[in-house]
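Asks: The file below is final.txt, compact mmCIF, C-alpha atoms:
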# COMPACT_ATOMS: atom_id res chain seq x y z
CA MET A 1 -146.79 99.51 -306.09
CA ASP A 2 -147.63 102.04 -303.36
CA TYR A 3 -145.12 101.89 -300.55
CA GLY A 4 -146.45 105.10 -298.95
CA TYR A 5 -148.46 103.26 -296.29
CA ILE A 6 -145.70 100.78 -295.45
CA ASN A 7 -143.06 103.52 -295.38
CA ALA A 8 -145.15 105.69 -293.02
CA ARG A 9 -145.67 102.77 -290.64
CA MET A 10 -142.01 101.82 -290.72
CA ARG A 11 -140.99 105.40 -289.91
CA GLY A 12 -143.56 105.53 -287.12
CA MET A 13 -142.15 102.30 -285.70
CA LYS A 14 -138.60 103.58 -286.11
CA SER A 15 -139.47 106.66 -284.04
CA ARG A 16 -140.25 104.31 -281.14
CA LEU A 17 -136.85 102.63 -281.22
CA LEU A 18 -134.67 103.47 -278.24
CA SER A 19 -132.55 106.55 -278.75
CA ARG A 20 -128.86 106.76 -277.93
CA ARG A 21 -129.77 108.59 -274.72
CA SER A 22 -132.19 105.85 -273.65
CA LEU A 23 -129.51 103.23 -274.27
CA ASP A 24 -127.03 105.28 -272.23
CA ASP A 25 -129.61 105.42 -269.42
CA LEU A 26 -129.93 101.63 -269.55
CA ILE A 27 -126.16 101.30 -269.37
CA MET A 28 -126.07 103.38 -266.20
CA LYS A 29 -128.50 101.10 -264.36
CA PRO A 30 -126.75 99.50 -261.39
CA ASP A 31 -128.26 96.02 -261.72
CA LEU A 32 -130.52 93.75 -263.71
CA GLU A 33 -133.64 94.50 -261.65
CA SER A 34 -133.44 98.25 -262.31
CA LEU A 35 -132.76 97.49 -265.99
CA ILE A 36 -135.98 95.43 -266.14
CA ALA A 37 -137.86 98.21 -264.31
CA ASP A 38 -136.56 100.73 -266.87
CA LEU A 39 -137.55 98.51 -269.80
CA GLU A 40 -141.05 98.39 -268.33
CA ASN A 41 -141.32 102.10 -269.10
CA SER A 42 -140.18 101.61 -272.69
CA PRO A 43 -141.93 100.17 -275.78
CA TYR A 44 -140.94 96.73 -274.38
CA ARG A 45 -143.41 97.14 -271.51
CA GLU A 46 -145.97 94.60 -272.71
CA ASP A 47 -143.36 91.91 -273.39
CA ILE A 48 -141.49 92.50 -270.12
CA ILE A 49 -144.72 92.22 -268.07
CA GLU A 50 -145.61 89.00 -269.89
CA ALA A 51 -142.10 87.57 -269.46
CA LYS A 52 -142.00 88.50 -265.76
CA GLY A 53 -144.81 86.05 -265.12
CA ARG A 54 -142.76 83.20 -266.55
CA SER A 55 -139.15 83.99 -265.65
CA THR A 56 -136.84 86.30 -263.72
CA GLY A 57 -133.50 88.02 -264.25
CA ILE A 58 -131.68 87.63 -267.53
CA ALA A 59 -134.15 84.96 -268.75
CA CYS A 60 -136.97 87.49 -268.34
CA ILE A 61 -135.18 90.04 -270.56
CA GLU A 62 -134.23 87.41 -273.15
CA ASN A 63 -137.82 86.12 -273.34
CA ALA A 64 -139.23 89.63 -273.60
CA LEU A 65 -136.81 90.64 -276.35
CA ARG A 66 -137.51 87.46 -278.30
CA GLN A 67 -141.27 87.93 -278.03
CA ASN A 68 -140.99 91.58 -279.02
CA PHE A 69 -138.91 90.72 -282.08
CA ILE A 70 -141.35 88.01 -283.20
CA ARG A 71 -144.39 90.24 -282.56
CA THR A 72 -142.85 93.18 -284.42
CA PHE A 73 -142.09 91.19 -287.56
CA ARG A 74 -145.43 89.37 -287.54
CA LYS A 75 -147.03 92.82 -287.43
CA ILE A 76 -144.95 94.03 -290.39
CA GLN A 77 -145.82 90.87 -292.34
CA ASN A 78 -149.52 91.34 -291.59
CA PHE A 79 -149.78 94.92 -292.77
CA SER A 80 -147.65 94.23 -295.84
CA LYS A 81 -149.97 91.44 -297.01
CA GLN A 82 -151.89 93.81 -299.29
CA GLU A 83 -148.68 94.53 -301.19
CA PRO A 84 -147.56 91.08 -302.38
CA GLU A 85 -144.22 92.39 -303.68
CA ALA A 86 -143.32 93.93 -300.31
CA GLY A 87 -144.44 90.71 -298.60
CA GLU A 88 -142.02 88.70 -300.75
CA TYR A 89 -139.12 91.00 -299.92
CA ILE A 90 -139.88 90.84 -296.20
CA ALA A 91 -140.10 87.05 -296.41
CA ILE A 92 -136.57 86.94 -297.84
CA PHE A 93 -135.29 88.70 -294.72
CA LEU A 94 -137.39 86.63 -292.34
CA HIS A 95 -136.36 83.30 -293.87
CA ARG A 96 -132.95 83.83 -292.31
CA TRP A 97 -134.57 83.15 -288.93
CA ASP A 98 -135.77 79.81 -290.25
CA VAL A 99 -132.20 79.00 -291.25
CA GLN A 100 -130.95 80.23 -287.88
CA ASN A 101 -133.55 78.16 -286.00
CA ILE A 102 -132.78 74.99 -287.95
CA LYS A 103 -129.06 75.53 -287.31
CA THR A 104 -129.77 75.99 -283.59
CA ILE A 105 -131.81 72.77 -283.44
CA LEU A 106 -129.14 70.83 -285.37
CA ARG A 107 -126.41 72.19 -283.08
CA GLY A 108 -128.41 71.29 -279.99
CA LYS A 109 -129.15 67.78 -281.26
CA ASN A 110 -125.53 67.30 -282.27
CA ILE A 111 -124.25 68.02 -278.76
CA HIS A 112 -127.31 66.47 -277.06
CA THR A 113 -128.49 69.62 -275.28
CA THR A 114 -131.89 69.54 -273.58
CA ASN A 115 -134.93 70.62 -275.59
CA GLU A 116 -135.67 73.40 -273.09
CA GLU A 117 -132.25 74.92 -273.62
CA ILE A 118 -132.59 74.75 -277.41
CA LEU A 119 -136.09 76.22 -277.26
CA GLU A 120 -134.78 79.25 -275.35
CA CYS A 121 -132.44 80.03 -278.24
CA LEU A 122 -135.07 79.84 -280.99
CA VAL A 123 -136.60 82.92 -282.60
CA PRO A 124 -139.71 81.82 -284.53
CA ALA A 125 -139.94 85.02 -286.60
CA GLY A 126 -139.81 83.29 -289.99
CA GLU A 127 -142.01 80.83 -291.87
CA LEU A 128 -141.50 78.02 -289.35
CA ASP A 129 -143.73 78.79 -286.38
CA GLU A 130 -143.22 77.76 -282.77
CA VAL A 131 -145.36 74.60 -283.12
CA THR A 132 -143.28 73.38 -286.09
CA LEU A 133 -140.04 74.12 -284.28
CA LYS A 134 -141.25 72.30 -281.15
CA GLU A 135 -142.06 69.23 -283.26
CA LEU A 136 -138.56 69.37 -284.76
CA LEU A 137 -137.16 69.59 -281.24
CA LYS A 138 -138.88 66.36 -280.25
CA GLN A 139 -136.70 64.45 -282.71
CA PRO A 140 -133.89 62.48 -281.07
CA ASP A 141 -131.00 63.33 -283.41
CA VAL A 142 -129.76 65.34 -286.39
CA ARG A 143 -130.84 62.71 -288.91
CA SER A 144 -134.42 62.60 -287.59
CA VAL A 145 -134.68 66.40 -287.71
CA ILE A 146 -133.66 66.39 -291.39
CA ASP A 147 -136.02 63.47 -292.11
CA LEU A 148 -138.93 65.34 -290.55
CA LEU A 149 -138.11 68.48 -292.55
CA ALA A 150 -138.13 66.31 -295.70
CA THR A 151 -141.44 64.66 -294.73
CA TRP A 152 -143.05 68.06 -294.29
CA LYS A 153 -141.53 69.14 -297.60
CA ILE A 154 -139.87 72.13 -295.96
CA ARG A 155 -137.48 73.62 -298.48
CA TYR A 156 -134.43 73.47 -296.20
CA ALA A 157 -134.55 69.67 -296.22
CA LYS A 158 -133.05 69.66 -299.73
CA PRO A 159 -129.59 71.13 -298.94
CA LEU A 160 -129.44 69.18 -295.67
CA THR A 161 -130.29 65.84 -297.31
CA GLU A 162 -127.76 66.48 -300.08
CA SER A 163 -124.90 67.17 -297.69
CA PHE A 164 -125.88 64.68 -294.98
CA ALA A 165 -123.61 61.87 -296.28
CA GLU A 166 -120.61 64.21 -296.10
CA PHE A 167 -121.60 65.30 -292.59
CA TRP A 168 -122.02 61.70 -291.48
CA LYS A 169 -118.44 60.88 -292.57
CA SER A 170 -116.77 63.75 -290.73
CA ARG A 171 -119.43 64.58 -288.09
CA ASP A 172 -118.59 68.22 -288.78
CA LEU A 173 -121.76 70.28 -288.39
CA ALA A 174 -120.19 73.16 -290.33
CA ILE A 175 -120.93 71.15 -293.50
CA LEU A 176 -124.68 71.23 -292.85
CA GLU A 177 -124.60 74.85 -291.69
CA CYS A 178 -122.72 75.95 -294.80
CA ALA A 179 -125.15 73.99 -297.02
CA LEU A 180 -128.06 75.83 -295.35
CA ASP A 181 -126.40 79.23 -295.75
CA ARG A 182 -125.53 78.57 -299.38
CA TYR A 183 -129.10 77.45 -300.10
CA TYR A 184 -130.59 80.50 -298.37
CA TYR A 185 -128.43 83.03 -300.19
CA THR A 186 -128.72 81.31 -303.60
CA ASP A 187 -132.49 81.12 -303.20
CA ALA A 188 -132.76 84.76 -302.03
CA LEU A 189 -130.54 86.06 -304.85
CA ALA A 190 -132.56 84.09 -307.41
CA ALA A 191 -135.76 85.73 -306.14
CA VAL A 192 -134.41 89.24 -306.83
CA LYS A 193 -132.90 88.66 -310.27
CA ALA A 194 -135.01 91.13 -312.28
CA PRO A 195 -133.29 94.55 -312.59
CA THR A 196 -135.73 96.73 -310.58
CA TYR A 197 -134.83 99.31 -307.91
CA ASN A 198 -136.07 97.13 -305.03
CA ASN A 199 -134.41 94.00 -306.40
CA ASN A 200 -131.09 95.83 -306.84
CA LEU A 201 -131.31 97.15 -303.28
CA ILE A 202 -131.93 93.71 -301.77
CA ARG A 203 -129.38 92.05 -304.04
CA ASP A 204 -126.72 94.56 -302.94
CA LEU A 205 -127.41 93.98 -299.25
CA LEU A 206 -127.47 90.19 -299.66
CA ALA A 207 -124.20 90.31 -301.62
CA LEU A 208 -122.67 92.40 -298.84
CA GLU A 209 -123.79 89.85 -296.27
CA ILE A 210 -122.32 87.03 -298.35
CA ASP A 211 -119.01 88.92 -298.41
CA VAL A 212 -119.07 89.23 -294.63
CA VAL A 213 -119.98 85.54 -294.14
CA ASN A 214 -117.17 84.54 -296.54
CA LEU A 215 -114.68 86.82 -294.81
CA ARG A 216 -115.53 85.26 -291.45
CA THR A 217 -115.03 81.82 -292.97
CA VAL A 218 -111.67 82.88 -294.46
CA LEU A 219 -110.51 84.29 -291.11
CA ARG A 220 -111.44 81.10 -289.26
CA MET A 221 -109.82 78.90 -291.88
CA VAL A 222 -106.61 80.95 -291.87
CA ARG A 223 -106.54 80.96 -288.06
CA ASP A 224 -106.95 77.17 -287.94
CA SER A 225 -104.52 76.69 -290.87
CA VAL A 226 -107.05 74.68 -292.87
CA ASP A 227 -105.91 73.51 -296.30
CA PRO A 228 -107.21 76.11 -298.84
CA ALA A 229 -108.63 73.37 -301.06
CA ASP A 230 -110.71 72.07 -298.13
CA ALA A 231 -111.67 75.56 -296.95
CA GLU A 232 -113.00 76.46 -300.40
CA ARG A 233 -115.98 74.14 -299.85
CA TYR A 234 -117.33 76.53 -297.24
CA ILE A 235 -117.36 79.57 -299.52
CA ILE A 236 -120.75 80.96 -300.57
CA PRO A 237 -120.94 82.27 -304.14
CA GLY A 238 -122.54 85.63 -305.00
CA GLY A 239 -120.51 88.13 -302.94
CA LYS A 240 -120.21 91.79 -303.87
CA GLU A 241 -116.52 92.46 -303.49
CA PHE A 242 -115.00 88.98 -303.43
CA ASP A 243 -115.38 86.35 -306.10
CA LEU A 244 -113.99 82.83 -305.69
CA ARG A 245 -110.60 83.81 -307.17
CA LYS A 246 -110.05 86.62 -304.62
CA LEU A 247 -111.22 84.44 -301.73
CA ARG A 248 -108.91 81.62 -302.85
CA HIS A 249 -106.02 84.08 -302.66
CA LEU A 250 -107.06 85.16 -299.12
CA LEU A 251 -107.26 81.52 -298.04
CA THR A 252 -103.64 80.95 -299.05
CA LEU A 253 -102.36 83.74 -296.76
CA PRO A 254 -100.42 82.48 -293.72
CA ALA A 255 -101.90 84.61 -290.90
CA ILE A 256 -104.87 86.79 -289.96
CA ASP A 257 -102.86 90.03 -290.09
CA ASP A 258 -101.93 89.18 -293.71
CA VAL A 259 -105.64 88.82 -294.55
CA VAL A 260 -106.41 92.18 -292.90
CA ARG A 261 -103.54 93.80 -294.85
CA ALA A 262 -104.83 92.31 -298.10
CA LEU A 263 -108.22 93.95 -297.44
CA VAL A 264 -106.77 97.49 -297.44
CA ALA A 265 -107.64 97.95 -301.12
CA THR A 266 -111.27 96.94 -300.51
CA ARG A 267 -114.28 98.46 -298.72
CA TYR A 268 -113.15 96.49 -295.65
CA ARG A 269 -110.11 98.71 -295.14
CA PHE A 270 -111.64 99.81 -291.80
CA LEU A 271 -110.41 96.47 -290.39
CA SER A 272 -106.86 97.79 -290.54
CA ARG A 273 -107.80 100.27 -287.77
CA ILE A 274 -108.14 97.38 -285.32
CA PRO A 275 -105.16 97.42 -282.92
CA GLU A 276 -102.46 95.10 -284.21
CA ALA A 277 -102.09 93.49 -280.80
CA ALA A 278 -105.65 92.13 -281.05
CA ILE A 279 -105.00 90.71 -284.50
CA ARG A 280 -101.64 89.19 -283.62
CA THR A 281 -103.22 87.13 -280.85
CA GLN A 282 -105.23 85.46 -283.64
CA LYS A 283 -108.45 86.55 -281.94
CA ILE A 284 -110.97 86.93 -284.73
CA SER A 285 -113.84 87.97 -282.45
CA VAL A 286 -112.68 91.63 -282.64
CA ILE A 287 -112.68 91.50 -286.46
CA GLU A 288 -116.04 89.71 -286.53
CA LYS A 289 -117.52 92.40 -284.32
CA GLU A 290 -116.29 95.14 -286.69
CA LEU A 291 -117.72 93.28 -289.67
CA GLU A 292 -121.07 92.94 -287.87
CA ARG A 293 -121.04 96.68 -287.10
CA TYR A 294 -120.34 97.46 -290.74
CA LEU A 295 -123.21 95.23 -291.87
CA ILE A 296 -125.62 96.85 -289.39
CA ARG A 297 -124.59 100.38 -290.45
CA GLU A 298 -125.03 99.52 -294.13
CA GLY A 299 -128.41 97.92 -293.41
CA VAL A 300 -129.73 100.81 -291.32
CA GLY A 301 -128.38 103.18 -294.03
CA ALA A 302 -131.20 101.87 -296.26
CA PHE A 303 -133.45 104.37 -294.43
CA LEU A 304 -131.77 107.13 -296.43
CA LEU A 305 -132.74 105.57 -299.77
CA ASP A 306 -135.97 106.01 -301.75
CA PRO A 307 -138.82 106.16 -299.20
CA LEU A 308 -141.27 104.77 -301.74
CA SER A 309 -139.43 101.46 -301.94
CA VAL A 310 -138.75 98.49 -299.70
CA ALA A 311 -135.71 100.39 -298.31
CA SER A 312 -137.46 101.58 -295.15
CA VAL A 313 -138.47 98.01 -294.24
CA ILE A 314 -134.90 96.82 -294.68
CA GLY A 315 -133.58 99.76 -292.67
CA TYR A 316 -136.04 99.03 -289.88
CA PHE A 317 -135.18 95.32 -289.87
CA TRP A 318 -131.54 96.13 -289.19
CA ALA A 319 -132.30 98.94 -286.73
CA LYS A 320 -134.57 96.66 -284.66
CA TYR A 321 -132.08 93.81 -284.80
CA ASN A 322 -129.38 96.21 -283.61
CA GLU A 323 -131.53 97.55 -280.76
CA ILE A 324 -132.29 94.06 -279.48
CA THR A 325 -128.62 93.08 -279.77
CA ASN A 326 -127.64 96.21 -277.80
CA ILE A 327 -130.14 95.47 -275.00
CA ARG A 328 -128.93 91.88 -274.85
CA ILE A 329 -125.33 93.07 -274.57
CA ILE A 330 -126.29 95.50 -271.77
CA SER A 331 -128.20 92.85 -269.83
CA ARG A 332 -125.43 90.25 -270.22
CA CYS A 333 -122.82 92.78 -269.12
CA LYS A 334 -124.93 93.75 -266.09
CA THR A 335 -125.03 90.09 -265.06
CA ALA A 336 -121.25 89.87 -265.40
CA ASP A 337 -120.56 93.23 -263.67
CA PHE A 338 -118.82 94.56 -266.76
CA PRO A 339 -117.45 98.13 -266.32
CA VAL A 340 -119.76 100.83 -267.74
CA GLU A 341 -116.94 102.53 -269.71
CA ASN A 342 -116.14 99.34 -271.63
CA LEU A 343 -119.80 98.51 -272.10
CA LYS A 344 -120.36 101.58 -274.30
CA GLU A 345 -117.67 100.35 -276.69
CA GLU A 346 -119.47 97.04 -277.11
CA LEU A 347 -122.66 98.66 -278.38
CA VAL A 348 -123.42 99.70 -281.94
CA TYR A 349 -125.03 103.14 -282.20
CA VAL A 350 -126.78 103.88 -285.48
CA MET B 1 -172.88 133.21 -328.52
CA VAL B 2 -169.89 131.25 -327.14
CA GLY B 3 -168.46 128.36 -329.09
CA TRP B 4 -168.11 124.76 -327.87
CA GLU B 5 -164.45 125.36 -327.00
CA VAL B 6 -165.27 127.58 -323.99
CA PRO B 7 -167.13 124.98 -321.86
CA ILE B 8 -164.65 122.30 -323.00
CA GLY B 9 -161.76 124.52 -321.83
CA ALA B 10 -163.48 125.14 -318.50
CA ALA B 11 -164.13 121.40 -318.12
CA ILE B 12 -160.47 120.59 -318.81
CA ALA B 13 -159.32 123.21 -316.26
CA PHE B 14 -161.63 121.77 -313.60
CA ALA B 15 -160.96 118.12 -314.46
CA GLY B 16 -157.17 118.65 -314.40
CA GLY B 17 -157.34 120.10 -310.90
CA ALA B 18 -159.72 117.38 -309.73
CA ILE B 19 -157.58 114.54 -311.08
CA GLY B 20 -154.42 116.06 -309.60
CA THR B 21 -156.14 116.44 -306.23
CA GLY B 22 -157.45 112.89 -306.31
CA TRP B 23 -154.03 111.46 -307.12
CA ALA B 24 -152.25 113.54 -304.46
CA GLN B 25 -154.86 112.76 -301.81
CA SER B 26 -154.70 109.04 -302.50
CA ARG B 27 -150.93 109.03 -301.90
CA ILE B 28 -151.13 111.29 -298.86
CA GLY B 29 -154.09 109.29 -297.53
CA ALA B 30 -152.22 106.00 -297.74
CA ALA B 31 -149.14 107.41 -296.02
CA GLY B 32 -151.30 109.29 -293.52
CA ALA B 33 -153.19 106.12 -292.59
CA GLY B 34 -149.86 104.42 -291.91
CA ALA B 35 -148.64 107.33 -289.81
CA ILE B 36 -151.87 107.49 -287.75
CA ALA B 37 -151.81 103.70 -287.22
CA GLU B 38 -148.40 104.01 -285.55
CA ARG B 39 -148.73 107.45 -283.98
CA PRO B 40 -152.38 108.45 -283.42
CA GLU B 41 -151.23 111.82 -282.05
CA THR B 42 -150.25 112.87 -285.60
CA SER B 43 -153.88 112.73 -286.84
CA GLY B 44 -154.29 116.56 -286.68
CA SER B 45 -151.29 117.19 -288.94
CA ILE B 46 -152.32 114.37 -291.28
CA ILE B 47 -155.81 115.87 -291.78
CA ILE B 48 -154.21 119.23 -292.68
CA LEU B 49 -151.77 117.54 -295.06
CA GLU B 50 -154.65 115.58 -296.62
CA ALA B 51 -156.52 118.86 -297.23
CA ILE B 52 -153.62 120.75 -298.85
CA PRO B 53 -154.13 119.26 -302.37
CA GLU B 54 -157.70 120.62 -302.28
CA THR B 55 -156.12 123.92 -303.36
CA LEU B 56 -155.51 122.32 -306.77
CA VAL B 57 -159.18 121.60 -307.41
CA ILE B 58 -160.16 125.04 -306.06
CA LEU B 59 -157.66 126.61 -308.46
CA GLY B 60 -159.13 124.51 -311.29
CA PHE B 61 -162.62 125.64 -310.32
CA VAL B 62 -161.56 129.32 -310.25
CA VAL B 63 -159.90 129.03 -313.67
CA ALA B 64 -162.98 127.25 -315.07
CA ALA B 65 -165.26 129.94 -313.59
CA MET B 66 -163.07 132.71 -315.01
CA ILE B 67 -163.14 131.11 -318.46
CA LEU B 68 -166.93 130.90 -318.37
CA LEU B 69 -167.51 134.36 -316.90
CA MET B 70 -164.94 136.27 -318.94
CA THR B 71 -165.84 134.72 -322.28
CA GLY B 72 -169.54 134.22 -321.64
Transcribe the structure of this file into structure tokens.
Replies:
Amino acid sequence: MDYGYINARMRGMKSRLLSRRSLDDLIMKPDLESLIADLENSPYREDIIEAKGRSTGIACIENALRQNFIRTFRKIQNFSKQEPEAGEYIAIFLHRWDVQNIKTILRGKNIHTTNEEILECLVPAGELDEVTLKELLKQPDVRSVIDLLATWKIRYAKPLTESFAEFWKSRDLAILECALDRYYYTDALAAVKAPTYNNNLIRDLLALEIDVVNLRTVLRMVRDSVDPADAERYIIPGGKEFDLRKLRHLLTLPAIDDVVRALVATRYRFLSRIPEAAIRTQKISVIEKELERYLIREGVGAFLLDPLSVASVIGYFWAKYNEITNIRIISRCKTADFPVENLKEELVYV
Amino acid sequence: MVGWEVPIGAAIAFAGGAIGTGWAQSRIGAAGAGAIAERPETSGSIIILEAIPETLVILGFVVAAMILLMTG
């Protein structure tokens, strides 16, 4: 397997990502219009010009970022086609957008949002293209969406059909979302079972993600004082640091600060640096943000691993995701007149 | 009269350099193509990098020539 070509392209693409200085320049822009004008002089030019014809303001930036993300990953998929192994690894990372899109559609249908609003939140970067997603959107309710997925024999129909009866009883969408997550991670881990360098790399990152997803679940369950036996159903197996026994113990803790204290002996000890006042108010958004930062840093860190492996693709995936998240944060904060000093703290620099 | 081992030795010296060059150029070529696809302005440096392994085959040729000339 020759990753030389893929690695060179990934590094070339990485060199076009916005630098810290460019992000700081964007932060200093006084309003949304000047931010859009500045993005027109960046690698987002093509997407911004296209989006300007269809929308204005924040919608223009959102559309441009979404299109850029989709275009970038389609491009990576296309030039990786000649290396089937690399293509499979990339597909594992892109399938998460399928899961995310299905979750978005199910959420929208569950609260009866308009199709236009749901469509704006979709990112068709995975296997399910825009046409498929639009067809799913035409369905009137959650059940019909799952039925259509099953009719088309789309793999995600299986976990949804299996857990639909449980969802129907409680009308709690978290059941379907957790079933989707569990299916995605189990499927992805099964695909990288063989002990090769690339498989180990992807398995490690997936296991890290599972840990973070489980920790978020634990924090929410502890905050809402959910019975540990009930909460256990939402745990995804396959984590790196936490097995079911350790997570069960965390779920029995009475408050969020106890969970954070229990994590001191793990790689998540950085959570103890969060000001106690923020934790005491039972606000988990601060902790979730730190966990997200950690995941992004670990993901982008893959760039430092063997260049003749899938590592550079994984590193780029996270770096691009982070860049788009940062621009979204800047544009949202500009709309809300958020102070510049605080805005810098919200971004993740890698 | 030189024995059969002299031309065989020269052939091995040349072939070793040629195979090494071919292998190195294939790897550099693949990576170079990727780099040029993303950043066309790097094509000058890539052509130089692509040519560097040629020194191996030249060295092989010189060694082969020396074997033939000095023992011939």
Asks: Using all atoms listed in the file, find each residue of chain B with at least one atom at most 6 Å away from an atom of chain A; report its shortest atom-to-atom pair and that distance in Å (one decimal), sort the rows by chain and rising residue number, and return the result as a tab-separated table.
Replies:
residue	atom	partner	partner_atom	distance
B:Ala30	CA	A:Tyr5	CA	4.9
B:Ala31	CA	A:Tyr5	CA	4.2
B:Gly34	CA	A:Arg9	CA	4.7
B:Ala35	CA	A:Ala8	CA	5.0
B:Glu38	CA	A:Gly12	CA	5.3
Asks: What does the distance from atom CA of A:Val300 to atom CA of A:Glu346 come to in Å, to one decimal?
Replies: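 About the pair atom CA of A:Val300 and atom CA of A:Glu346: they are 17.9 Å apart.
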Asks: Around (-105.3, 97.1, -297.9), as given in the file, which residues come within 7 Å? Count only C-alpha atoms and list them as a PyMOL selection string.
Replies: chain A and resi 261-266+269
Asks: Give me the residues near B:Val63 as a list in words, where near means some atom within 7 Å (using only C-alpha atoms) and where sequence neighbours in that chain fewer than 4 positions away do not count.
Replies: Ala13, Leu59 and Ile67 of chain B
Asks: Please provide the set of residues having any atom within 10 Å of A:Arg293, restricted to all atoms listed in the file, with same-chain residues fewer than 6 positions apart removed, written as a list in words.
Replies: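 Once the nearby chain positions are removed, what remains is Ile287, Gly299, Asn322, Leu347, Val348, Tyr349 and Val350 of chain A.
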Asks: Counting all atoms listed in the file, select every polymer residue within 12 Å of (-129.8, 103.1, -292.9) as defined in the file's coordinates, and provide the selection as a PyMOL selection string.
Replies: chain A and resi 11+14+205+294-307+311-320+322+349-350
Asks: Tell me, in Å to one decimal, how far atom CA of A:Arg155 is from atom CA of A:Cys178.
Replies: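 Distance between the two atoms: 15.4 Å.
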Asks: Write out as number ranges by chain the residues lying within 10 Å of stretch 120-132 of chain A, counting all atoms listed in the file and excluding same-chain residues fewer than 6 positions away.
Replies: A: 59, 62-63, 65-67, 69-74, 77, 90-105, 108, 149, 152, 154
Asks: So how far away is atom CA of A:Pro30 from atom CA of A:Thr335, in Å?
Replies: 10.2 Å
Asks: Skip A:Arg223 itself and residues of its chain fewer than 3 positions away, then list as a ChimeraX atom specification all residues within 7 Å of it, counting all atoms listed in the file.
Replies: /A:219-220,255-256,282
Asks: Quick one: of A:Ile76, A:Leu35, A:Ala194, A:Leu244, who's nearest to A:Cys60, counting only C-alpha atoms?
Replies: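 Closest candidate: A:Leu35.
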Asks: Can you pull out every residue within 8 Å of A:Leu119, counting only C-alpha atoms, but drop anything in the same chain fewer than 4 positions away, and send it as a ChimeraX atom specification?
Replies: /A:115,134,137
Asks: So, with all atoms listed in the file as the atoms that count, which of B:Gly60, B:Gly17, B:Gly32, B:Pro7 lies closest to B:Ser45?
Replies: B:Gly32
